[in-house]
file final-v9.cif (mmCIF, C-alpha atoms (C1' of nucleotides))
data_run
loop_
_atom_site.label_atom_id
_atom_site.label_comp_id
_atom_site.auth_asym_id
_atom_site.auth_seq_id
_atom_site.Cartn_x
_atom_site.Cartn_y
_atom_site.Cartn_z
CA MET P 709 25.42 31.97 -16.17
CA THR P 710 24.38 33.48 -12.85
CA LEU P 711 21.21 32.95 -10.94
CA SER P 712 19.51 35.20 -8.44
CA ASP P 713 19.24 34.17 -4.81
CA LYS P 714 15.56 33.54 -5.31
CA GLN P 715 16.27 31.23 -8.20
CA LEU P 716 18.87 29.30 -6.23
CA GLU P 717 16.46 28.99 -3.34
CA LEU P 718 13.74 27.66 -5.61
CA ILE P 719 16.09 25.15 -7.17
CA GLU P 720 16.80 23.88 -3.68
CA GLU P 721 13.14 23.70 -2.73
CA PHE P 722 12.09 22.03 -5.91
CA GLY P 723 15.10 19.78 -5.55
CA VAL P 724 14.09 18.60 -2.11
CA TYR P 725 10.53 18.11 -3.31
CA GLN P 726 11.73 15.92 -6.13
CA GLU P 727 14.12 14.02 -3.87
CA ASN P 728 11.05 13.02 -1.90
CA ASN P 729 9.62 11.82 -5.16
CA GLY P 730 12.50 9.44 -5.52
CA PHE P 731 14.96 11.41 -7.61
CA GLN P 732 18.63 11.62 -6.74
CA PRO P 733 19.77 14.98 -5.38
CA ALA P 734 21.77 15.98 -8.43
CA VAL P 735 19.04 14.89 -10.80
CA ALA P 736 16.49 16.88 -8.86
CA ARG P 737 18.69 20.00 -9.01
CA VAL P 738 19.07 19.65 -12.76
CA MET P 739 15.32 19.57 -13.11
CA GLY P 740 15.20 22.58 -10.85
CA ILE P 741 17.60 24.69 -12.86
CA LEU P 742 15.79 23.87 -16.09
CA LEU P 743 12.61 24.91 -14.38
CA VAL P 744 13.63 28.25 -12.93
CA SER P 745 16.22 29.47 -15.37
CA ASP P 746 15.41 32.56 -17.40
CA LYS P 747 16.70 30.93 -20.51
CA PRO P 748 14.35 28.43 -22.06
CA GLU P 749 17.19 26.00 -22.72
CA LEU P 750 20.49 25.26 -21.06
CA THR P 751 23.63 23.49 -22.18
CA PHE P 752 25.50 20.70 -20.42
CA GLU P 753 28.20 23.15 -19.47
CA GLU P 754 25.86 25.76 -18.09
CA ILE P 755 24.12 23.19 -15.95
CA SER P 756 27.32 21.61 -14.72
CA GLU P 757 29.02 24.90 -13.90
CA THR P 758 26.08 26.75 -12.45
CA LEU P 759 25.10 23.92 -10.16
CA ASN P 760 28.70 22.99 -9.39
CA ILE P 761 28.14 19.41 -10.31
CA SER P 762 30.88 17.31 -11.88
CA LYS P 763 30.68 16.42 -15.55
CA SER P 764 29.99 12.80 -14.76
CA ALA P 765 27.14 13.61 -12.40
CA THR P 766 25.72 16.03 -14.94
CA SER P 767 26.00 13.45 -17.68
CA ASN P 768 24.27 10.83 -15.59
CA ALA P 769 21.54 13.19 -14.49
CA LEU P 770 20.79 14.41 -18.00
CA ASN P 771 20.74 10.93 -19.48
CA MET P 772 18.55 9.69 -16.69
CA LEU P 773 16.08 12.51 -17.26
CA LEU P 774 16.17 11.94 -21.00
CA ASN P 775 15.48 8.24 -20.58
CA THR P 776 12.57 8.82 -18.26
CA GLY P 777 11.12 11.39 -20.60
CA HIS P 778 11.36 14.29 -18.19
CA ILE P 779 13.50 16.47 -20.41
CA GLU P 780 14.41 16.78 -24.07
CA TYR P 781 16.95 18.70 -26.13
CA THR P 782 17.45 20.43 -29.41
CA THR P 783 20.56 21.20 -31.34
CA PHE P 784 21.40 24.00 -33.70
CA SER P 785 23.33 23.40 -36.88
CA GLY P 786 26.98 24.27 -36.62
CA ASP P 787 26.84 23.89 -32.83
CA ARG P 788 27.76 20.61 -31.24
CA LYS P 789 26.12 21.49 -27.93
CA ARG P 790 22.76 20.16 -26.94
CA TYR P 791 20.21 22.52 -25.49
CA PHE P 792 18.14 20.92 -22.76
CA ARG P 793 14.70 21.84 -21.55
CA ILE P 794 11.96 20.31 -19.48
CA LYS P 795 9.36 18.53 -21.55
CA SER P 796 6.32 20.73 -21.51
CA SER P 797 4.01 17.77 -21.15
CA ASN P 798 5.76 17.12 -17.91
CA TRP P 799 3.36 19.03 -15.66
CA ARG P 800 0.44 16.85 -16.41
CA ASP P 801 2.65 13.81 -16.06
CA LEU P 802 3.67 14.84 -12.59
CA PHE P 803 0.03 14.94 -11.61
CA ASN P 804 -0.75 11.68 -13.34
CA LYS P 805 2.03 9.98 -11.44
CA LYS P 806 0.47 11.02 -8.15
CA MET P 807 -2.85 9.64 -9.25
CA GLU P 808 -1.38 6.37 -10.44
CA ASP P 809 0.31 6.16 -7.13
CA LEU P 810 -3.01 6.40 -5.35
CA GLY P 811 -4.27 3.70 -7.66
CA GLU P 812 -1.44 1.45 -6.60
CA LEU P 813 -2.21 2.09 -2.97
CA ASN P 814 -5.81 1.24 -3.64
CA ASN P 815 -4.87 -2.07 -5.22
CA ILE P 816 -2.79 -3.00 -2.23
CA LEU P 817 -5.56 -2.04 0.16
CA LYS P 818 -8.10 -4.10 -1.76
CA ARG P 819 -5.91 -7.13 -1.40
CA VAL P 820 -5.35 -6.36 2.26
CA LEU P 821 -9.08 -6.32 2.84
CA ASP P 822 -9.22 -9.61 1.06
CA VAL P 823 -6.69 -11.50 3.14
CA ARG P 824 -7.31 -10.31 6.62
CA LYS P 825 -10.23 -11.37 8.73
CA ARG P 826 -10.48 -9.08 11.66
CA GLU P 827 -12.28 -9.86 14.82
CA ASN P 828 -13.48 -6.31 14.79
CA PRO P 829 -15.12 -5.48 11.46
CA ALA P 830 -15.38 -1.73 12.14
CA TYR P 831 -11.86 -1.34 10.90
CA ASP P 832 -12.53 -3.24 7.73
CA GLN P 833 -15.54 -1.07 7.18
CA LYS P 834 -13.42 2.08 7.28
CA LEU P 835 -10.88 0.58 4.97
CA LEU P 836 -13.58 -0.46 2.55
CA SER P 837 -15.01 3.00 2.64
CA PHE P 838 -11.63 4.53 1.81
CA ILE P 839 -11.15 2.11 -1.05
CA SER P 840 -14.52 3.05 -2.42
CA PHE P 841 -13.58 6.72 -2.17
CA LEU P 842 -10.42 6.18 -4.16
CA ASP P 843 -12.41 4.32 -6.78
CA TYR P 844 -14.89 7.14 -6.93
CA LEU P 845 -12.12 9.71 -7.26
CA LYS P 846 -10.53 7.79 -10.08
CA ALA P 847 -13.83 7.55 -11.88
CA GLN P 848 -14.61 11.23 -11.44
CA LEU P 849 -11.25 12.64 -12.41
CA PRO P 850 -11.84 12.75 -16.16
CA ASN P 851 -15.05 14.65 -15.46
CA LEU P 852 -13.25 17.05 -13.25
CA ILE P 853 -10.59 17.71 -15.84
CA GLU P 854 -13.19 18.31 -18.48
CA GLN P 855 -15.02 20.65 -16.17
CA TRP P 856 -11.86 22.59 -15.57
CA GLU P 857 -11.13 22.90 -19.24
CA ILE P 858 -14.54 24.46 -19.75
CA GLU P 859 -13.97 26.92 -16.91
CA ASN P 860 -10.56 27.69 -18.25
CA ALA P 861 -11.78 28.37 -21.76
CA LYS P 862 -14.45 30.69 -20.37
CA HIS P 863 -11.86 32.60 -18.41
CA LYS P 864 -9.74 33.20 -21.46
CA ALA P 865 -12.60 34.48 -23.58
CA MET U 454 2.33 -15.04 15.86
CA THR U 455 2.50 -16.47 12.36
CA LEU U 456 1.43 -14.86 9.15
CA SER U 457 0.32 -16.44 5.91
CA ASP U 458 2.44 -16.08 2.78
CA LYS U 459 -0.10 -13.69 1.38
CA GLN U 460 0.12 -11.52 4.43
CA LEU U 461 3.90 -11.48 4.31
CA GLU U 462 3.78 -10.58 0.65
CA LEU U 463 1.39 -7.73 1.30
CA ILE U 464 3.53 -6.41 4.12
CA GLU U 465 6.40 -6.28 1.66
CA GLU U 466 4.37 -4.56 -1.02
CA PHE U 467 2.88 -2.03 1.31
CA GLY U 468 6.34 -1.61 2.80
CA VAL U 469 7.90 -0.74 -0.52
CA TYR U 470 5.03 1.61 -1.25
CA GLN U 471 5.60 3.42 2.00
CA GLU U 472 9.36 3.48 1.50
CA ASN U 473 8.66 5.45 -1.65
CA ASN U 474 6.67 7.78 0.52
CA GLY U 475 9.76 8.50 2.56
CA PHE U 476 9.47 6.00 5.38
CA GLN U 477 12.39 3.87 6.49
CA PRO U 478 12.12 0.20 5.55
CA ALA U 479 11.57 -1.03 9.10
CA VAL U 480 8.99 1.66 9.81
CA ALA U 481 7.15 0.81 6.63
CA ARG U 482 7.06 -2.90 7.58
CA VAL U 483 5.67 -2.08 10.99
CA MET U 484 2.85 -0.15 9.37
CA GLY U 485 2.39 -3.11 7.07
CA ILE U 486 2.05 -5.70 9.79
CA LEU U 487 -0.43 -3.55 11.68
CA LEU U 488 -2.38 -3.23 8.47
CA VAL U 489 -2.58 -6.86 7.42
CA SER U 490 -2.54 -8.69 10.72
CA ASP U 491 -5.66 -10.60 11.68
CA LYS U 492 -5.46 -9.26 15.17
CA PRO U 493 -6.70 -5.72 15.53
CA GLU U 494 -3.78 -4.85 17.80
CA LEU U 495 -0.24 -6.06 18.19
CA THR U 496 2.32 -5.82 20.97
CA PHE U 497 5.90 -4.62 20.74
CA GLU U 498 7.08 -8.19 21.07
CA GLU U 499 4.80 -9.57 18.39
CA ILE U 500 5.91 -6.93 15.95
CA SER U 501 9.58 -7.30 16.72
CA GLU U 502 9.58 -11.09 16.57
CA THR U 503 7.29 -11.57 13.61
CA LEU U 504 9.14 -9.08 11.46
CA ASN U 505 12.54 -10.11 12.78
CA ILE U 506 13.45 -6.56 13.66
CA SER U 507 15.66 -5.75 16.63
CA LYS U 508 14.16 -4.22 19.72
CA SER U 509 15.86 -0.92 19.03
CA ALA U 510 14.56 -0.71 15.50
CA THR U 511 11.09 -1.69 16.69
CA SER U 512 11.19 0.89 19.43
CA ASN U 513 12.30 3.62 17.02
CA ALA U 514 9.74 2.66 14.43
CA LEU U 515 6.86 2.58 16.89
CA ASN U 516 7.81 5.87 18.48
CA MET U 517 8.25 7.48 15.13
CA LEU U 518 4.82 6.32 14.02
CA LEU U 519 3.29 7.43 17.30
CA ASN U 520 4.85 10.88 16.98
CA THR U 521 3.66 11.34 13.46
CA GLY U 522 0.19 10.21 14.40
CA HIS U 523 0.11 7.17 12.18
CA ILE U 524 -0.53 4.69 14.95
CA GLU U 525 -1.86 4.65 18.50
CA TYR U 526 -2.02 2.20 21.36
CA THR U 527 -4.17 1.07 24.22
CA THR U 528 -3.31 -0.70 27.39
CA PHE U 529 -5.28 -3.07 29.54
CA SER U 530 -5.16 -2.88 33.31
CA GLY U 531 -2.86 -5.42 34.86
CA ASP U 532 -0.91 -5.70 31.64
CA ARG U 533 2.15 -3.60 31.09
CA LYS U 534 2.22 -4.21 27.37
CA ARG U 535 0.98 -1.67 24.90
CA TYR U 536 -1.30 -2.76 22.10
CA PHE U 537 -0.61 -0.91 18.90
CA ARG U 538 -2.92 -0.30 15.98
CA ILE U 539 -3.09 1.94 12.97
CA LYS U 540 -5.11 5.05 13.61
CA SER U 541 -8.37 4.52 11.86
CA SER U 542 -8.40 8.11 10.68
CA ASN U 543 -5.23 7.23 8.90
CA TRP U 544 -6.78 6.31 5.56
CA ARG U 545 -8.10 9.74 4.93
CA ASP U 546 -4.80 11.16 6.16
CA LEU U 547 -2.85 9.18 3.60
CA PHE U 548 -4.96 10.72 0.91
CA ASN U 549 -4.72 14.18 2.43
CA LYS U 550 -0.97 13.91 2.46
CA LYS U 551 -0.92 13.31 -1.26
CA MET U 552 -3.11 16.32 -1.77
CA GLU U 553 -1.01 18.52 0.51
CA ASP U 554 1.94 17.36 -1.42
CA LEU U 555 0.39 18.58 -4.64
CA GLY U 556 -0.35 21.83 -2.85
CA GLU U 557 3.28 22.20 -1.95
CA LEU U 558 4.30 21.57 -5.54
CA ASN U 559 1.80 24.18 -6.61
CA ASN U 560 3.26 26.75 -4.24
CA ILE U 561 6.72 26.15 -5.57
CA LEU U 562 5.52 26.41 -9.15
CA LYS U 563 3.72 29.67 -8.43
CA ARG U 564 6.92 31.15 -7.09
CA VAL U 565 8.84 29.79 -10.06
CA LEU U 566 6.45 31.54 -12.41
CA ASP U 567 7.00 34.65 -10.38
CA VAL U 568 10.78 34.78 -10.52
CA ARG U 569 11.61 33.68 -13.98
CA LYS U 570 11.13 35.82 -17.03
CA ARG U 571 11.31 33.63 -20.06
CA GLU U 572 12.01 34.85 -23.50
CA ASN U 573 9.49 32.36 -24.74
CA PRO U 574 6.17 32.81 -22.88
CA ALA U 575 4.56 29.63 -24.26
CA TYR U 576 6.24 27.68 -21.52
CA ASP U 577 5.02 30.01 -18.83
CA GLN U 578 1.55 29.67 -20.25
CA LYS U 579 1.61 25.91 -19.82
CA LEU U 580 2.95 26.21 -16.32
CA LEU U 581 0.28 28.73 -15.44
CA SER U 582 -2.34 26.44 -16.82
CA PHE U 583 -1.12 23.56 -14.67
CA ILE U 584 -1.08 25.76 -11.61
CA SER U 585 -4.62 26.78 -12.30
CA PHE U 586 -5.64 23.16 -12.64
CA LEU U 587 -4.15 22.30 -9.27
CA ASP U 588 -5.99 25.24 -7.75
CA TYR U 589 -9.20 24.07 -9.33
CA LEU U 590 -8.68 20.54 -8.07
CA LYS U 591 -8.07 21.78 -4.57
CA ALA U 592 -11.19 23.90 -4.68
CA GLN U 593 -13.34 21.09 -6.03
CA LEU U 594 -12.19 18.35 -3.71
CA PRO U 595 -14.56 19.12 -0.86
CA ASN U 596 -17.40 19.01 -3.36
CA LEU U 597 -16.21 15.73 -4.67
CA ILE U 598 -16.01 14.25 -1.21
CA GLU U 599 -19.49 15.43 -0.41
CA GLN U 600 -20.76 13.98 -3.64
CA TRP U 601 -19.18 10.68 -2.82
CA GLU U 602 -20.71 10.63 0.62
CA ILE U 603 -24.13 11.07 -0.92
CA GLU U 604 -23.52 8.24 -3.39
CA ASN U 605 -22.21 6.10 -0.61
CA ALA U 606 -25.18 6.68 1.64
CA LYS U 607 -27.51 5.81 -1.22
CA HIS U 608 -25.67 2.59 -1.82
CA LYS U 609 -26.02 1.49 1.75
CA ALA U 610 -29.72 2.17 1.92
"C1'" DT J 21 47.29 14.94 -38.62
"C1'" DC J 22 46.96 17.30 -34.40
"C1'" DT J 23 43.91 19.68 -31.23
"C1'" DT J 24 39.77 21.05 -29.27
"C1'" DT J 25 35.10 20.27 -27.89
"C1'" DA J 26 31.43 17.83 -25.81
"C1'" DG J 27 30.52 14.68 -23.57
"C1'" DT J 28 30.75 9.26 -21.47
"C1'" DT J 29 32.45 5.59 -18.58
"C1'" DC J 30 34.77 3.60 -14.78
"C1'" DA J 31 36.86 3.06 -10.39
"C1'" DT J 32 36.69 4.82 -6.19
"C1'" DA J 33 35.88 8.09 -2.38
"C1'" DA J 34 32.60 10.29 0.67
"C1'" DT J 35 28.25 10.39 2.74
"C1'" DT J 36 24.17 8.80 4.37
"C1'" DT J 37 20.97 5.42 6.12
"C1'" DA J 38 19.36 2.02 8.63
"C1'" DC J 39 19.90 -1.40 11.65
"C1'" DA J 40 21.83 -4.54 15.32
"C1'" DG J 41 23.59 -5.32 19.89
"C1'" DA J 42 24.63 -4.10 24.35
"C1'" DA J 43 23.97 -1.47 28.11
"C1'" DC J 44 20.66 0.73 30.52
"C1'" DC J 45 16.25 2.08 33.12
"C1'" DA J 46 11.81 2.17 35.56
"C1'" DA J 47 7.86 -0.29 37.08
"C1'" DA J 48 6.05 -4.38 38.89
"C1'" DC J 49 6.44 -8.80 40.83
"C1'" DT J 50 8.56 -12.16 44.43
"C1'" DA O 888 16.29 -6.67 48.08
"C1'" DG O 889 16.47 -9.08 43.81
"C1'" DT O 890 14.52 -10.40 39.45
"C1'" DT O 891 11.66 -10.13 35.54
"C1'" DT O 892 9.25 -7.45 32.10
"C1'" DG O 893 8.82 -4.03 28.66
"C1'" DG O 894 10.86 -1.32 26.72
"C1'" DT O 895 14.69 2.99 25.57
"C1'" DT O 896 19.10 4.95 24.35
"C1'" DC O 897 23.75 4.80 22.68
"C1'" DT O 898 27.44 3.29 19.88
"C1'" DG O 899 29.36 0.99 16.02
"C1'" DT O 900 29.06 -0.57 11.52
"C1'" DA O 901 27.47 -2.85 7.11
"C1'" DA O 902 25.37 -1.57 3.17
"C1'" DA O 903 23.59 1.49 -0.05
"C1'" DT O 904 23.65 5.83 -2.26
"C1'" DT O 905 25.72 9.55 -4.57
"C1'" DA O 906 29.14 12.11 -6.40
"C1'" DT O 907 33.99 12.86 -7.95
"C1'" DG O 908 38.03 12.90 -11.00
"C1'" DA O 909 40.66 10.71 -14.38
"C1'" DA O 910 40.85 8.36 -18.41
"C1'" DC O 911 38.62 7.79 -22.52
"C1'" DT O 912 36.03 8.54 -27.11
"C1'" DA O 913 34.04 10.37 -31.20
"C1'" DA O 914 33.22 14.25 -34.01
"C1'" DA O 915 34.68 18.67 -35.69
"C1'" DG O 916 38.05 22.26 -36.61
"C1'" DA O 917 42.71 24.07 -37.68
#

call {"tool": "encode", "arguments": {"input": "final-v9.cif", "output": "structure tokens"}}
result
Amino acid sequence: MTLSDKQLELIEEFGVYQENNGFQPAVARVMGILLVSDKPELTFEEISETLNISKSATSNALNMLLNTGHIEYTTFSGDRKRYFRIKSSNWRDLFNKKMEDLGELNNILKRVLDVRKRENPAYDQKLLSFISFLDYLKAQLPNLIEQWEIENAKHKA
Amino acid sequence: MTLSDKQLELIEEFGVYQENNGFQPAVARVMGILLVSDKPELTFEEISETLNISKSATSNALNMLLNTGHIEYTTFSGDRKRYFRIKSSNWRDLFNKKMEDLGELNNILKRVLDVRKRENPAYDQKLLSFISFLDYLKAQLPNLIEQWEIENAKHKA
DNA sequence: TCTTTAGTTCATAATTTACAGAACCAAACT
DNA sequence: AGTTTGGTTCTGTAAATTATGAACTAAAGA
């Protein structure tokens, strides 16, 4: 399998993005190739050879992504190969992870506000205000999603 | 300077959180101590000694955080020491970074959609839908913030 | 039963990172 | 002029991360 320069570039970019999200380089590239490839599914071999990653690294990456629910595979009868693809639900998950992450930050900040007693309360005030914003955001998100779904349905019609 | 167990624990937790955001361990701890300390400002020495970080690591961490605009310092006449604190604008910035990050993802995904031509367009449809959601979110955020500010003002009154 | 295919597992090599320690420097104090 | 203070910069390295290649395995095919 051959990829265009643009595809290779995008694999790199997406790869770096996902590295910053805590994935190992090779794992991030595997996600990348599954994302940008023209084919909807790729085999172990195609991934390993196209990305120039050793079999072991490919094996580890694929199993890791399978375990974390980022990808899935199908097989075809009379063909021992597995055909891997990104789980389609994955997009929303990516977003959810970011939101959960903000929730975690918020929890930490709440506890920070709780333990420290500053001489200058202006700071605490700002922190409190940020915490309240994150709470508000969390509360409003379902609304926002619903709203978008309505808009989206309209657009299609 | 001594910190309570709770403070130390929070520094660790915030530290790990910030490590996942791409900061080096020592840098993340420095942010942490500035966040949870009772004092509104801390000196180089206090940071270095309380966290048990070498002078070089402390120096690097502080300069890094200064350069990236995460912290700032003041001085007092007749005192050569610098007094460091987290930039108060920083809370909103932390949130903005997450949002920018989603924007970056969105840009990559848009280009992905552009280069690949899938046999099966159902996948592309889902991707497109996610992209559109991120666009919607970005567009609505200012609204949401405004809305929150109104709520917030009400609450205070 | 022997071989091929499609992977997995393990030991280890290669990088990368993150920090410590020492030497260094400039300003201020004596 | 010499010393102390408040750092900075440079070099070396311990530790962690990541990937490789070789050996292995289990299923299928000849």

call {"tool": "interface_residues", "arguments": {"input": "final-v9.cif", "of": "chain O", "to": "chain P", "cutoff": "9 Å", "atoms": "only C-alpha atoms (C1' of nucleotides)", "output": "PyMOL selection string"}}
result
chain O and resi 904-908+914-915

call {"tool": "interface_residues", "arguments": {"input": "final-v9.cif", "of": "chain J", "to": "chain P", "cutoff": "12 Å", "atoms": "all atoms listed in the file", "output": "VMD selection string"}}
result
chain J and resid 25 to 30

call {"tool": "atom_distance", "arguments": {"input": "final-v9.cif", "atom1": "CA of Asp546 in chain U", "atom2": "CA of Gln833 in chain P"}}
result
16.3 Å

call {"tool": "calpha_fit_rmsd", "arguments": {"input": "final-v9.cif", "fixed": "chain U", "moving": "chain P"}}
result
0.4 Å

call {"tool": "interface_residues", "arguments": {"input": "final-v9.cif", "of": "chain U", "to": "chain P", "cutoff": "7 Å", "atoms": "only C-alpha atoms", "output": "ChimeraX atom specification"}}
result
/U:460,463,467,473,475,489-493,541,544,561,565,568-573,576,583,586,589,601

call {"tool": "write_last_selection", "arguments": {"input": "final-v9.cif", "atoms": "C-alpha atoms", "output": "JSON list (two decimals), in the frame of the given file"}}
result
[["chain", "number", "residue", "atom", "x", "y", "z"],
["U", 460, "GLN", "CA", 0.12, -11.52, 4.43],
["U", 463, "LEU", "CA", 1.39, -7.73, 1.30],
["U", 467, "PHE", "CA", 2.88, -2.03, 1.31],
["U", 473, "ASN", "CA", 8.66, 5.45, -1.65],
["U", 475, "GLY", "CA", 9.76, 8.50, 2.56],
["U", 489, "VAL", "CA", -2.58, -6.86, 7.42],
["U", 490, "SER", "CA", -2.54, -8.69, 10.72],
["U", 491, "ASP", "CA", -5.66, -10.60, 11.68],
["U", 492, "LYS", "CA", -5.46, -9.26, 15.17],
["U", 493, "PRO", "CA", -6.70, -5.72, 15.53],
["U", 541, "SER", "CA", -8.37, 4.52, 11.86],
["U", 544, "TRP", "CA", -6.78, 6.31, 5.56],
["U", 561, "ILE", "CA", 6.72, 26.15, -5.57],
["U", 565, "VAL", "CA", 8.84, 29.79, -10.06],
["U", 568, "VAL", "CA", 10.78, 34.78, -10.52],
["U", 569, "ARG", "CA", 11.61, 33.68, -13.98],
["U", 570, "LYS", "CA", 11.13, 35.82, -17.03],
["U", 571, "ARG", "CA", 11.31, 33.63, -20.06],
["U", 572, "GLU", "CA", 12.01, 34.85, -23.50],
["U", 573, "ASN", "CA", 9.49, 32.36, -24.74],
["U", 576, "TYR", "CA", 6.24, 27.68, -21.52],
["U", 583, "PHE", "CA", -1.12, 23.56, -14.67],
["U", 586, "PHE", "CA", -5.64, 23.16, -12.64],
["U", 589, "TYR", "CA", -9.20, 24.07, -9.33],
["U", 601, "TRP", "CA", -19.18, 10.68, -2.82]]

call {"tool": "atom_distance", "arguments": {"input": "final-v9.cif", "atom1": "CA of Asn505 in chain U", "atom2": "CA of Phe537 in chain U"}}
result
17.2 Å

call {"tool": "atom_distance", "arguments": {"input": "final-v9.cif", "atom1": "CA of Val469 in chain U", "atom2": "CA of Ala769 in chain P"}}
result
24.0 Å
